[in-house]
Amino acid sequence: MTLDTLLIYVVASLALAVIPGPTMLLALSNGIDGGMRRASWGIAGASLGSITLIAVVALGLGSLLAASELLFNAIRAAGVAYLVWLGVKLWRSEEADLGAALAKSAIEVRPHGRVALMRSLLVALSNPKTVLFFAAFLPQFIDIAKPQGTQYLLLGSIFVALDTCVMLAYAAAGTQAVRWLSRRGLKMLNRSCAAGMWLLAATLAFWRRPGT
């Protein structure tokens, strides 16, 4: 892989990472409701999901999903249902109170962190579009004449690192919103995240793979 190819990949990956998606909205919402502690758990879950999907593509299992209409639709239905459910949870969540959240003991905070991790992980894994995206995007930068495993490892690490940085920025924006917005403003922002989840669920529900 040449340096020019690698730079093009970095720019393309960064451009794709900044596009708001469900994991980004979760990072923003977690930053509002629980500060950087909870957001970090959610980011770890989303990153673990991306690593898993990239590994799936590297092993060639992404082709199986692309070929199986039944499997694709099953994962899509699960993803739509989960995004709708998350939207409902965000819509009904209480106004953020960062001061109260930080005052809680570590024992009280950890379960919320694990919930944030699992939510983001499930969101990442339940979107078949992501698998098909990685299956179409990553091979464009792979030199088939050289060992592919190390190339997938490098490209996957770069994408996950950039994606993590962007999610951290979203989470930080959420924590700053707690300081600058009123309770009403925070509730509206959280509900905007819920509406974003529902919009993404609708997009996934009506999305059709190319060629179908």
# chains A, B, ... in the order shown; residues from 1 in each chain; ligands from 1
>>> residues_around(residues="Trp91 (chain A)", least_positions_apart="2", cutoff="6 Å", atoms="only C-alpha atoms", output="PDB file with N, CA, C and O atoms, in the first residue's frame")
ATOM      1  N   VAL A  88     -37.311   5.672  21.581  1.00  0.00           N
ATOM      2  CA  VAL A  88     -38.313   5.798  22.638  1.00  0.00           C
ATOM      3  C   VAL A  88     -37.643   6.047  23.987  1.00  0.00           C
ATOM      4  O   VAL A  88     -38.073   6.903  24.771  1.00  0.00           O
ATOM      5  N   LYS A  89     -36.553   5.305  24.253  1.00  0.00           N
ATOM      6  CA  LYS A  89     -35.838   5.485  25.517  1.00  0.00           C
ATOM      7  C   LYS A  89     -35.269   6.898  25.625  1.00  0.00           C
ATOM      8  O   LYS A  89     -35.331   7.528  26.696  1.00  0.00           O
ATOM      9  N   SER A  93     -36.319   9.898  28.346  1.00  0.00           N
ATOM     10  CA  SER A  93     -35.294  10.063  29.370  1.00  0.00           C
ATOM     11  C   SER A  93     -35.486  11.369  30.119  1.00  0.00           C
ATOM     12  O   SER A  93     -36.016  12.354  29.588  1.00  0.00           O
ATOM     13  N   ARG A 191     -34.309  14.790  22.717  1.00  0.00           N
ATOM     14  CA  ARG A 191     -35.417  14.352  21.859  1.00  0.00           C
ATOM     15  C   ARG A 191     -35.062  14.479  20.382  1.00  0.00           C
ATOM     16  O   ARG A 191     -35.582  13.730  19.555  1.00  0.00           O
ATOM     17  N   ALA A 194     -33.458  11.361  19.666  1.00  0.00           N
ATOM     18  CA  ALA A 194     -34.476  10.319  19.517  1.00  0.00           C
ATOM     19  C   ALA A 194     -35.087  10.376  18.118  1.00  0.00           C
ATOM     20  O   ALA A 194     -35.254   9.343  17.456  1.00  0.00           O
TER      21      ALA A 194
END
>>> closest_residue(among="A:Asn73, A:Gly60, A:Leu26, A:Gly87", to="Ala136 (chain A)", atoms="only C-alpha atoms")
A:Gly60
>>> residues_around(residues="Gly49 (chain A)", least_positions_apart="5", cutoff="9 Å", atoms="only C-alpha atoms", output="MDAnalysis selection string")
chainID A and resid 44 54 120:125
>>> write_last_selection(atoms="C-alpha atoms", output="PDB file, in the first residue's frame")
ATOM      1  CA  ALA A  44     -15.947   1.441  23.524  1.00  0.00           C
ATOM      2  CA  ILE A  54     -14.315  -5.407   9.898  1.00  0.00           C
ATOM      3  CA  SER A 120     -23.766   0.994  21.193  1.00  0.00           C
ATOM      4  CA  LEU A 121     -22.423  -2.487  20.480  1.00  0.00           C
ATOM      5  CA  LEU A 122     -25.868  -3.783  19.494  1.00  0.00           C
ATOM      6  CA  VAL A 123     -26.527  -0.730  17.314  1.00  0.00           C
ATOM      7  CA  ALA A 124     -23.257  -1.279  15.483  1.00  0.00           C
ATOM      8  CA  LEU A 125     -23.864  -5.002  14.963  1.00  0.00           C
TER       9      LEU A 125
END
>>> closest_residue(among="A:Ala55, A:Leu16, A:Ala173, A:Val84", to="Leu199 (chain A)", atoms="only C-alpha atoms")
A:Val84
>>> closest_residue(among="A:Val160, A:Leu28, A:Leu200, A:Val57", to="Phe133 (chain A)", atoms="only C-alpha atoms")
A:Val57
>>> residues_around(residues="region 201-203 of chain A", least_positions_apart="4", cutoff="7 Å", atoms="only C-alpha atoms", output="PDB file with N, CA, C and O atoms, in the first residue's frame")
ATOM      1  N   VAL A  80     -33.830  -2.169  12.780  1.00  0.00           N
ATOM      2  CA  VAL A  80     -34.904  -1.171  12.782  1.00  0.00           C
ATOM      3  C   VAL A  80     -35.616  -1.158  14.123  1.00  0.00           C
ATOM      4  O   VAL A  80     -35.847  -0.094  14.721  1.00  0.00           O
ATOM      5  N   LEU A  83     -33.381   0.423  16.867  1.00  0.00           N
ATOM      6  CA  LEU A  83     -33.253   1.873  16.751  1.00  0.00           C
ATOM      7  C   LEU A  83     -34.534   2.571  17.201  1.00  0.00           C
ATOM      8  O   LEU A  83     -34.479   3.622  17.854  1.00  0.00           O
ATOM      9  N   VAL A  84     -35.690   1.994  16.863  1.00  0.00           N
ATOM     10  CA  VAL A  84     -36.963   2.571  17.309  1.00  0.00           C
ATOM     11  C   VAL A  84     -37.052   2.531  18.829  1.00  0.00           C
ATOM     12  O   VAL A  84     -37.444   3.514  19.472  1.00  0.00           O
ATOM     13  N   MET A 197     -32.765   8.901  15.668  1.00  0.00           N
ATOM     14  CA  MET A 197     -32.816   7.436  15.702  1.00  0.00           C
ATOM     15  C   MET A 197     -33.975   6.921  14.869  1.00  0.00           C
ATOM     16  O   MET A 197     -33.840   5.951  14.108  1.00  0.00           O
ATOM     17  N   TRP A 207     -34.465   0.947   2.965  1.00  0.00           N
ATOM     18  CA  TRP A 207     -33.264   0.866   2.141  1.00  0.00           C
ATOM     19  C   TRP A 207     -33.202  -0.462   1.415  1.00  0.00           C
ATOM     20  O   TRP A 207     -33.554  -1.507   1.967  1.00  0.00           O
TER      21      TRP A 207
END
>>> closest_residue(among="A:Leu70, A:Leu53, A:Ala12, A:Pro22", to="Ala195 (chain A)", atoms="only C-alpha atoms")
A:Pro22
>>> residues_around(residues="Leu168 (chain A)", least_positions_apart="6", cutoff="8 Å", atoms="only C-alpha atoms", output="JSON, numbers by chain")
{"A": [27, 39, 40, 43]}
>>> closest_residue(among="A:Ala58, A:Ile51, A:Leu71, A:Ile158", to="Pro139 (chain A)", atoms="only C-alpha atoms")
A:Ala58
>>> atom_distance(atom1="CA of Thr164 (chain A)", atom2="CA of Lys187 (chain A)")
25.3 Å
>>> closest_residue(among="A:Ile75, A:Ala15, A:Ala177, A:Leu138", to="Gly35 (chain A)", atoms="only C-alpha atoms")
A:Ala177
>>> residues_around(residues="Gln151 (chain A)", least_positions_apart="4", cutoff="12 Å", atoms="only C-alpha atoms", output="PDB file with all heavy atoms, in the first residue's frame")
ATOM      1  N   MET A   1       0.843  -1.193   0.000  1.00  0.00           N
ATOM      2  CA  MET A   1       0.000   0.000   0.000  1.00  0.00           C
ATOM      3  C   MET A   1       0.880   1.245   0.000  1.00  0.00           C
ATOM      4  O   MET A   1       1.734   1.403   0.864  1.00  0.00           O
ATOM      5  CB  MET A   1      -0.913   0.009   1.232  1.00  0.00           C
ATOM      6  CG  MET A   1      -1.928   1.119   1.232  1.00  0.00           C
ATOM      7  SD  MET A   1      -2.924   1.083   2.746  1.00  0.00           S
ATOM      8  CE  MET A   1      -3.567  -0.596   2.673  1.00  0.00           C
ATOM      9  N   THR A   2       0.676   2.101  -0.993  1.00  0.00           N
ATOM     10  CA  THR A   2       1.486   3.305  -1.096  1.00  0.00           C
ATOM     11  C   THR A   2       1.000   4.356  -0.103  1.00  0.00           C
ATOM     12  O   THR A   2      -0.121   4.302   0.407  1.00  0.00           O
ATOM     13  CB  THR A   2       1.427   3.881  -2.511  1.00  0.00           C
ATOM     14  OG1 THR A   2       0.083   4.307  -2.788  1.00  0.00           O
ATOM     15  CG2 THR A   2       1.844   2.831  -3.534  1.00  0.00           C
ATOM     16  N   LEU A   6      -2.833   5.346   1.185  1.00  0.00           N
ATOM     17  CA  LEU A   6      -3.151   5.398   2.608  1.00  0.00           C
ATOM     18  C   LEU A   6      -3.740   6.761   2.983  1.00  0.00           C
ATOM     19  O   LEU A   6      -4.704   6.831   3.764  1.00  0.00           O
ATOM     20  CB  LEU A   6      -1.886   5.129   3.424  1.00  0.00           C
ATOM     21  CG  LEU A   6      -2.075   4.919   4.929  1.00  0.00           C
ATOM     22  CD1 LEU A   6      -2.997   3.738   5.194  1.00  0.00           C
ATOM     23  CD2 LEU A   6      -0.727   4.701   5.605  1.00  0.00           C
ATOM     24  N   ILE A  54     -15.474  -5.395  10.791  1.00  0.00           N
ATOM     25  CA  ILE A  54     -14.315  -5.407   9.898  1.00  0.00           C
ATOM     26  C   ILE A  54     -13.701  -6.805   9.851  1.00  0.00           C
ATOM     27  O   ILE A  54     -13.291  -7.286   8.791  1.00  0.00           O
ATOM     28  CB  ILE A  54     -13.285  -4.361  10.352  1.00  0.00           C
ATOM     29  CG1 ILE A  54     -13.841  -2.951  10.126  1.00  0.00           C
ATOM     30  CG2 ILE A  54     -11.962  -4.529   9.600  1.00  0.00           C
ATOM     31  CD1 ILE A  54     -13.004  -1.853  10.737  1.00  0.00           C
ATOM     32  N   ALA A  55     -13.669  -7.471  11.009  1.00  0.00           N
ATOM     33  CA  ALA A  55     -13.158  -8.847  11.036  1.00  0.00           C
ATOM     34  C   ALA A  55     -14.047  -9.767  10.215  1.00  0.00           C
ATOM     35  O   ALA A  55     -13.556 -10.665   9.512  1.00  0.00           O
ATOM     36  CB  ALA A  55     -13.074  -9.348  12.480  1.00  0.00           C
ATOM     37  N   ALA A  58     -13.191  -9.175   6.650  1.00  0.00           N
ATOM     38  CA  ALA A  58     -11.868  -9.724   6.345  1.00  0.00           C
ATOM     39  C   ALA A  58     -11.921 -11.246   6.183  1.00  0.00           C
ATOM     40  O   ALA A  58     -11.170 -11.816   5.384  1.00  0.00           O
ATOM     41  CB  ALA A  58     -10.876  -9.351   7.445  1.00  0.00           C
ATOM     42  N   LEU A 138     -13.583  -1.254   2.084  1.00  0.00           N
ATOM     43  CA  LEU A 138     -12.225  -1.668   2.449  1.00  0.00           C
ATOM     44  C   LEU A 138     -11.464  -2.353   1.303  1.00  0.00           C
ATOM     45  O   LEU A 138     -10.277  -2.063   1.110  1.00  0.00           O
ATOM     46  CB  LEU A 138     -12.276  -2.579   3.677  1.00  0.00           C
ATOM     47  CG  LEU A 138     -12.706  -1.905   4.985  1.00  0.00           C
ATOM     48  CD1 LEU A 138     -12.725  -2.919   6.126  1.00  0.00           C
ATOM     49  CD2 LEU A 138     -11.798  -0.736   5.332  1.00  0.00           C
ATOM     50  N   PRO A 139     -12.103  -3.271   0.544  1.00  0.00           N
ATOM     51  CA  PRO A 139     -11.336  -3.953  -0.514  1.00  0.00           C
ATOM     52  C   PRO A 139     -10.759  -3.018  -1.565  1.00  0.00           C
ATOM     53  O   PRO A 139      -9.805  -3.393  -2.269  1.00  0.00           O
ATOM     54  CB  PRO A 139     -12.370  -4.899  -1.135  1.00  0.00           C
ATOM     55  CG  PRO A 139     -13.338  -5.160  -0.040  1.00  0.00           C
ATOM     56  CD  PRO A 139     -13.437  -3.852   0.694  1.00  0.00           C
ATOM     57  N   GLN A 140     -11.321  -1.804  -1.687  1.00  0.00           N
ATOM     58  CA  GLN A 140     -10.807  -0.858  -2.675  1.00  0.00           C
ATOM     59  C   GLN A 140      -9.366  -0.446  -2.375  1.00  0.00           C
ATOM     60  O   GLN A 140      -8.641   0.014  -3.265  1.00  0.00           O
ATOM     61  CB  GLN A 140     -11.694   0.401  -2.705  1.00  0.00           C
ATOM     62  CG  GLN A 140     -13.161   0.128  -2.938  1.00  0.00           C
ATOM     63  CD  GLN A 140     -13.414  -0.539  -4.275  1.00  0.00           C
ATOM     64  OE1 GLN A 140     -12.771  -0.200  -5.278  1.00  0.00           O
ATOM     65  NE2 GLN A 140     -14.333  -1.497  -4.302  1.00  0.00           N
ATOM     66  N   PHE A 141      -8.954  -0.619  -1.119  1.00  0.00           N
ATOM     67  CA  PHE A 141      -7.626  -0.187  -0.697  1.00  0.00           C
ATOM     68  C   PHE A 141      -6.704  -1.368  -0.370  1.00  0.00           C
ATOM     69  O   PHE A 141      -5.616  -1.174   0.152  1.00  0.00           O
ATOM     70  CB  PHE A 141      -7.747   0.728   0.530  1.00  0.00           C
ATOM     71  CG  PHE A 141      -8.547   1.966   0.277  1.00  0.00           C
ATOM     72  CD1 PHE A 141      -9.914   1.973   0.487  1.00  0.00           C
ATOM     73  CD2 PHE A 141      -7.943   3.121  -0.190  1.00  0.00           C
ATOM     74  CE1 PHE A 141     -10.665   3.114   0.250  1.00  0.00           C
ATOM     75  CE2 PHE A 141      -8.682   4.265  -0.429  1.00  0.00           C
ATOM     76  CZ  PHE A 141     -10.055   4.267  -0.215  1.00  0.00           C
ATOM     77  N   ILE A 142      -7.152  -2.568  -0.689  1.00  0.00           N
ATOM     78  CA  ILE A 142      -6.380  -3.772  -0.409  1.00  0.00           C
ATOM     79  C   ILE A 142      -5.581  -4.190  -1.639  1.00  0.00           C
ATOM     80  O   ILE A 142      -6.121  -4.272  -2.748  1.00  0.00           O
ATOM     81  CB  ILE A 142      -7.298  -4.936   0.023  1.00  0.00           C
ATOM     82  CG1 ILE A 142      -7.990  -4.595   1.345  1.00  0.00           C
ATOM     83  CG2 ILE A 142      -6.519  -6.230   0.142  1.00  0.00           C
ATOM     84  CD1 ILE A 142      -7.062  -4.495   2.530  1.00  0.00           C
ATOM     85  N   ASP A 143      -4.302  -4.441  -1.455  1.00  0.00           N
ATOM     86  CA  ASP A 143      -3.446  -4.968  -2.525  1.00  0.00           C
ATOM     87  C   ASP A 143      -3.492  -6.490  -2.444  1.00  0.00           C
ATOM     88  O   ASP A 143      -2.925  -7.097  -1.531  1.00  0.00           O
ATOM     89  CB  ASP A 143      -2.017  -4.459  -2.340  1.00  0.00           C
ATOM     90  CG  ASP A 143      -1.100  -4.863  -3.492  1.00  0.00           C
ATOM     91  OD1 ASP A 143      -1.515  -5.712  -4.321  1.00  0.00           O
ATOM     92  OD2 ASP A 143       0.032  -4.350  -3.550  1.00  0.00           O
ATOM     93  N   ILE A 144      -4.194  -7.116  -3.398  1.00  0.00           N
ATOM     94  CA  ILE A 144      -4.401  -8.563  -3.333  1.00  0.00           C
ATOM     95  C   ILE A 144      -3.118  -9.341  -3.583  1.00  0.00           C
ATOM     96  O   ILE A 144      -3.060 -10.550  -3.328  1.00  0.00           O
ATOM     97  CB  ILE A 144      -5.479  -9.004  -4.347  1.00  0.00           C
ATOM     98  CG1 ILE A 144      -5.063  -8.628  -5.775  1.00  0.00           C
ATOM     99  CG2 ILE A 144      -6.821  -8.374  -3.998  1.00  0.00           C
ATOM    100  CD1 ILE A 144      -6.029  -9.148  -6.833  1.00  0.00           C
ATOM    101  N   ALA A 145      -2.081  -8.668  -4.081  1.00  0.00           N
ATOM    102  CA  ALA A 145      -0.813  -9.348  -4.335  1.00  0.00           C
ATOM    103  C   ALA A 145       0.020  -9.497  -3.068  1.00  0.00           C
ATOM    104  O   ALA A 145       1.039 -10.185  -3.073  1.00  0.00           O
ATOM    105  CB  ALA A 145      -0.015  -8.599  -5.402  1.00  0.00           C
ATOM    106  N   LYS A 146      -0.444  -8.855  -1.974  1.00  0.00           N
ATOM    107  CA  LYS A 146       0.281  -8.910  -0.707  1.00  0.00           C
ATOM    108  C   LYS A 146      -0.618  -9.508   0.370  1.00  0.00           C
ATOM    109  O   LYS A 146      -1.835  -9.602   0.183  1.00  0.00           O
ATOM    110  CB  LYS A 146       0.738  -7.498  -0.313  1.00  0.00           C
ATOM    111  CG  LYS A 146       1.714  -6.881  -1.315  1.00  0.00           C
ATOM    112  CD  LYS A 146       2.112  -5.480  -0.893  1.00  0.00           C
ATOM    113  CE  LYS A 146       3.081  -4.855  -1.905  1.00  0.00           C
ATOM    114  NZ  LYS A 146       3.472  -3.476  -1.530  1.00  0.00           N
ATOM    115  N   PRO A 147      -0.034  -9.949   1.487  1.00  0.00           N
ATOM    116  CA  PRO A 147      -0.844 -10.526   2.569  1.00  0.00           C
ATOM    117  C   PRO A 147      -1.976  -9.578   2.967  1.00  0.00           C
ATOM    118  O   PRO A 147      -1.742  -8.416   3.302  1.00  0.00           O
ATOM    119  CB  PRO A 147       0.162 -10.708   3.703  1.00  0.00           C
ATOM    120  CG  PRO A 147       1.480 -10.852   3.015  1.00  0.00           C
ATOM    121  CD  PRO A 147       1.403  -9.950   1.823  1.00  0.00           C
ATOM    122  N   LEU A 155      -5.958  -1.010   8.027  1.00  0.00           N
ATOM    123  CA  LEU A 155      -7.081  -0.172   7.610  1.00  0.00           C
ATOM    124  C   LEU A 155      -8.169  -0.130   8.678  1.00  0.00           C
ATOM    125  O   LEU A 155      -8.761   0.925   8.941  1.00  0.00           O
ATOM    126  CB  LEU A 155      -7.658  -0.696   6.285  1.00  0.00           C
ATOM    127  CG  LEU A 155      -6.724  -0.629   5.071  1.00  0.00           C
ATOM    128  CD1 LEU A 155      -7.417  -1.198   3.846  1.00  0.00           C
ATOM    129  CD2 LEU A 155      -6.267   0.797   4.810  1.00  0.00           C
ATOM    130  N   GLY A 156      -8.440  -1.285   9.284  1.00  0.00           N
ATOM    131  CA  GLY A 156      -9.454  -1.327  10.334  1.00  0.00           C
ATOM    132  C   GLY A 156      -9.052  -0.489  11.528  1.00  0.00           C
ATOM    133  O   GLY A 156      -9.876   0.233  12.106  1.00  0.00           O
ATOM    134  N   SER A 157      -7.771  -0.545  11.916  1.00  0.00           N
ATOM    135  CA  SER A 157      -7.288   0.233  13.051  1.00  0.00           C
ATOM    136  C   SER A 157      -7.412   1.728  12.789  1.00  0.00           C
ATOM    137  O   SER A 157      -7.802   2.504  13.675  1.00  0.00           O
ATOM    138  CB  SER A 157      -5.830  -0.125  13.354  1.00  0.00           C
ATOM    139  OG  SER A 157      -5.702  -1.487  13.697  1.00  0.00           O
ATOM    140  N   ILE A 158      -7.092   2.133  11.565  1.00  0.00           N
ATOM    141  CA  ILE A 158      -7.188   3.551  11.209  1.00  0.00           C
ATOM    142  C   ILE A 158      -8.636   4.020  11.276  1.00  0.00           C
ATOM    143  O   ILE A 158      -8.941   5.072  11.861  1.00  0.00           O
ATOM    144  CB  ILE A 158      -6.603   3.802   9.805  1.00  0.00           C
ATOM    145  CG1 ILE A 158      -5.088   3.600   9.818  1.00  0.00           C
ATOM    146  CG2 ILE A 158      -6.955   5.209   9.316  1.00  0.00           C
ATOM    147  CD1 ILE A 158      -4.445   3.672   8.453  1.00  0.00           C
TER     148      ILE A 158
END
